[in-house]
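Reading through the structure tokens given below for one structure.
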Amino acid sequence: MYALVLALLLQISADSTVSRVTFHIRTSVPVKSDTVHVIGNHPVLGSWDHMHSLRLKRSTTGLWQGTVLLPHGIDVAFKITCGSWSSEAVSPDGTIPSDTWLHTSGDTTIAMKIDRWKDDIDSRSSTITGTLRHHEKFQSSVLGTSRDVWVILPDSYEHDFQKRYPVLYAHDGQNVFDARLSFSGIEWGLDEAADSLAQAGIIPEVIIVAVANSPHRLYEYADTTMGELYARFMAQELKAFVDTTYRTMPDREYTAVMGSSMGGLISFLMVWWYPDVYGQAACLSPAFLWGDEKIFRTISAKPFPYPHPKIYLDVGDSGIERDLQPGTKRMAELLETNGWTIGNELFCGFITNADHDEKNWASRATQVLAYLFAPWEDIEELMKGAACE
């Protein structure tokens with residue numbers, strides 16, 4: 001990544017159409033680490049990965065300062081943290097602000113004052129529905145490190161001891177169940193959506209396993225060596241633990257995986273690499289064009305799995321989502337060409353007025369769960385207009 005960012009900096013430094021953006025951050029509260037970070041959606045700001053975000057230096061006047069070079073004419077989103085989402089800068093009233101957006105049109109100085117950090121004031125009530133089991137620092141021999149895992153058990157789990165349940169694995173686990181953990185303060189609400197659908201008799205009760213991301217998220221959720229290790233951890237190590245710890249239905253047709261953005265990319269790769277483990281994958285706003293579109297070469301080099309796993313694809317039409325549309329449509333067309341049928345094997349939808357954030361992914365939670373787990377006759381209405389057009 002450092003080489004990538006250096007190459008990018010050298011490239012745009014040689015280009016006359018660049019913007020020099022300088023950050024001046026003043027803090028009225030103590031900084032919890034040795035530096036202040038600017039993290040954003042562009043590679044020079046880490047692509048939302050704290051490991052590679054811009055680290056500001058403290059001047060003799062007490063300001064935290066740093067400068068990056070960005071191409072002219074692009075929109076860049078960013079936030080200020082102390083190096084983790086738990087220490088994100090928040091508004092004076094304690095609310096988590098939306099991303100700050102900058103349109104690069106020339107040399108610019110961004111001056112901001114930080115009055116509070118998230119971990120100083122986070123006392124919100126839990127938003128979890130169902131019985132939560134937290135496997136803190138679950139140790140992985142495959143990854144060589146630990147990972148927090150949260151498991152939501154459905155209502156009947158504690159009293160119907162003969163019953164077994166399908167399982168949904170979700171990436172970016174901090175954002176799945178609890179707004180207190182989510183970096184944006186907004187959760188996907190998979191627990192509430194699953195509970196409502198089960199109570200209505202639309203889907204069976206489901207166990208949901210949410211796996212925390214790490215500072216290496218960008219590479220663990222991609223077609224990389226780290227991505228292959230993460231996928232093996234999920235498919236072999238974590239699934240074995242879940243199946244022996246909980247009353248699951250372990251066969252592939254009852255096992256699904258889902259994620260958004262890069263999480264959508266790794267969800268697709270996991271169902272491709274381990275079709276005997278996962279029978280369904282939901283890829284929301286998938287980053288199929290990441291890494292010079294490597295995923296298309298990857299799947300073309302391996303026989304298409306049969307029986308076909310059920311695949312859900314969707315993408316919005318606002319902001320970054322517009323850039324993701326071509327990759328999503330191309331993937332849907334490739335799957336159709338290789339035997340997937342729009343309907344009970346493949347859903348592909350363009351979501352109107354949808355941006356690239358937790359709020360919008362949460363709004364699709366009910367639709368995703370219904371497609372993954374409801375009987376075909378109950379989702380026919382959902383399938384109308386299911387082509388990415």
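Following the order of the structure tokens, chains are lettered A, B, ..., residues in each are numbered from 1, and ligands are numbered from 1.
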
Would you kindly return, as an MDAnalysis selection string, each protein, DNA or RNA residue with an atom no farther than 9 Å from any atom of A:Val149, considering only C-alpha atoms and excluding same-chain residues fewer than 3 positions away?
chainID A and resid 133:138 173 209:212

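Contact shell of stretch 355-368 of chain A at 7 Å (only C-alpha atoms; same-chain neighbours under 3 positions omitted): Ile186, Glu187, Trp188, Gly189, Leu190, Ala193, Ala282, Gly316, Asp317, Ser318, Gly319, Ile320, Glu321, Tyr371 and Leu372 of chain A.
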
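Nearest to A:Ser196 of all the residues A:Asp323, A:Glu228, A:Asp155, A:Asp115 is A:Asp155, counting only C-alpha atoms.
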
From the DSSP assignment of the backbone, select every residue of stretch 250-371 of chain A that is helix (DSSP H, G or I), and format the answer as a PDB file with C-alpha atoms, in the first residue's frame.
```pdb
ATOM      1  CA  ARG A 252     -24.207 -25.361   2.339  1.00  0.00           C
ATOM      2  CA  GLU A 253     -27.865 -24.726   1.476  1.00  0.00           C
ATOM      3  CA  TYR A 254     -28.383 -23.327   4.990  1.00  0.00           C
ATOM      4  CA  MET A 262     -15.200  -4.575  -0.082  1.00  0.00           C
ATOM      5  CA  GLY A 263     -17.241  -6.891   2.135  1.00  0.00           C
ATOM      6  CA  GLY A 264     -19.406  -7.584  -0.891  1.00  0.00           C
ATOM      7  CA  LEU A 265     -16.304  -8.456  -2.891  1.00  0.00           C
ATOM      8  CA  ILE A 266     -14.990 -10.955  -0.334  1.00  0.00           C
ATOM      9  CA  SER A 267     -18.465 -12.463   0.091  1.00  0.00           C
ATOM     10  CA  PHE A 268     -18.518 -13.278  -3.617  1.00  0.00           C
ATOM     11  CA  LEU A 269     -14.984 -14.655  -3.498  1.00  0.00           C
ATOM     12  CA  MET A 270     -15.824 -16.832  -0.493  1.00  0.00           C
ATOM     13  CA  VAL A 271     -18.805 -18.457  -2.187  1.00  0.00           C
ATOM     14  CA  TRP A 272     -16.576 -19.002  -5.228  1.00  0.00           C
ATOM     15  CA  TRP A 273     -13.626 -20.421  -3.334  1.00  0.00           C
ATOM     16  CA  TRP A 290     -11.054  -3.183  -7.151  1.00  0.00           C
ATOM     17  CA  GLY A 291      -7.522  -4.254  -8.019  1.00  0.00           C
ATOM     18  CA  ASP A 292      -7.759  -3.736 -11.775  1.00  0.00           C
ATOM     19  CA  GLU A 293     -10.853  -5.977 -11.937  1.00  0.00           C
ATOM     20  CA  LYS A 294      -8.851  -8.998 -10.786  1.00  0.00           C
ATOM     21  CA  ILE A 295     -11.963 -10.843  -9.639  1.00  0.00           C
ATOM     22  CA  PHE A 296     -13.140 -11.372 -13.212  1.00  0.00           C
ATOM     23  CA  ARG A 297      -9.856 -13.069 -14.085  1.00  0.00           C
ATOM     24  CA  THR A 298     -10.011 -15.100 -10.878  1.00  0.00           C
ATOM     25  CA  ILE A 299     -13.442 -16.569 -11.474  1.00  0.00           C
ATOM     26  CA  SER A 300     -12.823 -17.149 -15.169  1.00  0.00           C
ATOM     27  CA  ILE A 320     -19.480   6.229  -5.175  1.00  0.00           C
ATOM     28  CA  GLU A 321     -22.297   3.851  -6.083  1.00  0.00           C
ATOM     29  CA  ARG A 322     -22.330   5.175  -9.658  1.00  0.00           C
ATOM     30  CA  ASP A 323     -18.715   4.041 -10.038  1.00  0.00           C
ATOM     31  CA  LEU A 324     -19.642   0.547  -8.806  1.00  0.00           C
ATOM     32  CA  GLN A 325     -22.546   0.050 -11.208  1.00  0.00           C
ATOM     33  CA  PRO A 326     -20.498  -1.150 -14.230  1.00  0.00           C
ATOM     34  CA  GLY A 327     -18.779  -3.880 -12.207  1.00  0.00           C
ATOM     35  CA  THR A 328     -22.046  -5.074 -10.693  1.00  0.00           C
ATOM     36  CA  LYS A 329     -23.773  -5.216 -14.066  1.00  0.00           C
ATOM     37  CA  ARG A 330     -20.808  -6.979 -15.654  1.00  0.00           C
ATOM     38  CA  MET A 331     -20.800  -9.615 -12.922  1.00  0.00           C
ATOM     39  CA  ALA A 332     -24.529 -10.240 -13.308  1.00  0.00           C
ATOM     40  CA  GLU A 333     -24.148 -10.651 -17.065  1.00  0.00           C
ATOM     41  CA  LEU A 334     -21.196 -13.028 -16.594  1.00  0.00           C
ATOM     42  CA  LEU A 335     -23.197 -15.184 -14.200  1.00  0.00           C
ATOM     43  CA  GLU A 336     -26.180 -15.278 -16.559  1.00  0.00           C
ATOM     44  CA  THR A 337     -23.902 -16.285 -19.417  1.00  0.00           C
ATOM     45  CA  GLU A 358     -24.663   2.023   6.493  1.00  0.00           C
ATOM     46  CA  LYS A 359     -27.985   3.849   6.379  1.00  0.00           C
ATOM     47  CA  ASN A 360     -28.661   2.648   2.844  1.00  0.00           C
ATOM     48  CA  TRP A 361     -27.389  -0.886   3.424  1.00  0.00           C
ATOM     49  CA  ALA A 362     -29.606  -1.089   6.511  1.00  0.00           C
ATOM     50  CA  SER A 363     -32.606  -0.088   4.380  1.00  0.00           C
ATOM     51  CA  ALA A 365     -31.598  -5.658   5.145  1.00  0.00           C
ATOM     52  CA  THR A 366     -35.153  -7.013   4.955  1.00  0.00           C
ATOM     53  CA  GLN A 367     -34.929  -7.508   1.191  1.00  0.00           C
ATOM     54  CA  VAL A 368     -31.575  -9.292   1.458  1.00  0.00           C
ATOM     55  CA  LEU A 369     -32.692 -11.671   4.207  1.00  0.00           C
ATOM     56  CA  ALA A 370     -35.938 -12.468   2.401  1.00  0.00           C
ATOM     57  CA  TYR A 371     -34.040 -13.331  -0.770  1.00  0.00           C
TER      58      TYR A 371
END
```

A:Ser105, A:Thr244, A:Thr145, A:Thr131 ranked by distance to A:Val18, top pick (using only C-alpha atoms):
A:Ser105

Out of stretch 58-237 of chain A, which residues get strand (DSSP E) from DSSP, as a PDB file with C-alpha atoms, in the first residue's frame?
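The resulting file, result.pdb, is shown below:
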```
ATOM      1  CA  ARG A  58       1.649  18.635  16.104  1.00  0.00           C
ATOM      2  CA  TRP A  64      -2.179  19.177  14.183  1.00  0.00           C
ATOM      3  CA  GLN A  65      -1.038  19.656  10.593  1.00  0.00           C
ATOM      4  CA  GLY A  66      -0.497  17.663   7.420  1.00  0.00           C
ATOM      5  CA  THR A  67      -0.692  18.025   3.655  1.00  0.00           C
ATOM      6  CA  VAL A  68      -1.696  15.711   0.815  1.00  0.00           C
ATOM      7  CA  LEU A  69      -1.787  16.068  -2.959  1.00  0.00           C
ATOM      8  CA  LEU A  70      -5.031  15.128  -4.687  1.00  0.00           C
ATOM      9  CA  PRO A  71      -6.132  15.272  -8.320  1.00  0.00           C
ATOM     10  CA  ASP A  75     -14.924  14.594  -4.444  1.00  0.00           C
ATOM     11  CA  VAL A  76     -13.188  13.319  -1.327  1.00  0.00           C
ATOM     12  CA  ALA A  77     -14.879  12.256   1.924  1.00  0.00           C
ATOM     13  CA  PHE A  78     -12.968  12.232   5.210  1.00  0.00           C
ATOM     14  CA  LYS A  79     -13.230  12.059   8.990  1.00  0.00           C
ATOM     15  CA  ILE A  80     -10.922  12.915  11.907  1.00  0.00           C
ATOM     16  CA  THR A  81      -9.930  10.275  14.480  1.00  0.00           C
ATOM     17  CA  ALA A  89     -14.296  13.101  16.400  1.00  0.00           C
ATOM     18  CA  VAL A  90     -17.949  13.792  17.241  1.00  0.00           C
ATOM     19  CA  THR A 100     -16.978  15.808   5.512  1.00  0.00           C
ATOM     20  CA  TRP A 101     -16.771  16.240   1.738  1.00  0.00           C
ATOM     21  CA  LEU A 102     -14.198  18.237  -0.177  1.00  0.00           C
ATOM     22  CA  HIS A 103     -14.268  19.029  -3.889  1.00  0.00           C
ATOM     23  CA  THR A 108      -7.029  24.391   0.018  1.00  0.00           C
ATOM     24  CA  THR A 109      -6.583  24.602   3.778  1.00  0.00           C
ATOM     25  CA  ILE A 110      -9.090  22.715   5.913  1.00  0.00           C
ATOM     26  CA  ALA A 111      -9.356  24.211   9.403  1.00  0.00           C
ATOM     27  CA  MET A 112     -11.365  22.290  12.000  1.00  0.00           C
ATOM     28  CA  LYS A 113     -11.750  22.297  15.776  1.00  0.00           C
ATOM     29  CA  ILE A 114     -12.408  19.059  17.663  1.00  0.00           C
ATOM     30  CA  ARG A 116     -15.097  15.724  21.729  1.00  0.00           C
ATOM     31  CA  TRP A 117     -14.004  12.186  20.896  1.00  0.00           C
ATOM     32  CA  THR A 131     -29.701 -13.033  22.580  1.00  0.00           C
ATOM     33  CA  LEU A 132     -26.137 -11.856  22.050  1.00  0.00           C
ATOM     34  CA  ARG A 133     -23.069 -14.010  22.559  1.00  0.00           C
ATOM     35  CA  HIS A 134     -19.790 -12.110  22.281  1.00  0.00           C
ATOM     36  CA  HIS A 135     -16.693 -14.200  21.564  1.00  0.00           C
ATOM     37  CA  GLU A 136     -14.142 -11.563  22.395  1.00  0.00           C
ATOM     38  CA  LYS A 137     -10.733 -11.931  20.773  1.00  0.00           C
ATOM     39  CA  PHE A 138     -11.533 -15.245  19.102  1.00  0.00           C
ATOM     40  CA  GLN A 139      -8.081 -16.631  18.355  1.00  0.00           C
ATOM     41  CA  SER A 140      -7.333 -17.737  14.800  1.00  0.00           C
ATOM     42  CA  THR A 145      -4.277 -13.070  15.442  1.00  0.00           C
ATOM     43  CA  SER A 146      -7.626 -12.689  17.193  1.00  0.00           C
ATOM     44  CA  ARG A 147     -10.931 -11.296  15.974  1.00  0.00           C
ATOM     45  CA  ASP A 148     -14.071 -10.263  17.858  1.00  0.00           C
ATOM     46  CA  VAL A 149     -17.124 -12.321  16.867  1.00  0.00           C
ATOM     47  CA  TRP A 150     -20.721 -11.529  17.809  1.00  0.00           C
ATOM     48  CA  VAL A 151     -23.493 -14.116  17.535  1.00  0.00           C
ATOM     49  CA  ILE A 152     -27.205 -13.285  17.656  1.00  0.00           C
ATOM     50  CA  LEU A 153     -29.451 -16.211  18.587  1.00  0.00           C
ATOM     51  CA  VAL A 167     -26.568 -19.374   9.674  1.00  0.00           C
ATOM     52  CA  LEU A 168     -25.702 -16.028   8.095  1.00  0.00           C
ATOM     53  CA  TYR A 169     -22.097 -14.817   8.362  1.00  0.00           C
ATOM     54  CA  ALA A 170     -21.601 -11.039   8.033  1.00  0.00           C
ATOM     55  CA  ILE A 207     -28.426 -17.417  13.654  1.00  0.00           C
ATOM     56  CA  ILE A 208     -26.360 -14.400  12.579  1.00  0.00           C
ATOM     57  CA  VAL A 209     -22.576 -14.371  13.073  1.00  0.00           C
ATOM     58  CA  ALA A 210     -20.902 -10.971  12.721  1.00  0.00           C
ATOM     59  CA  VAL A 211     -17.113 -10.896  12.384  1.00  0.00           C
TER      60      VAL A 211
END
```
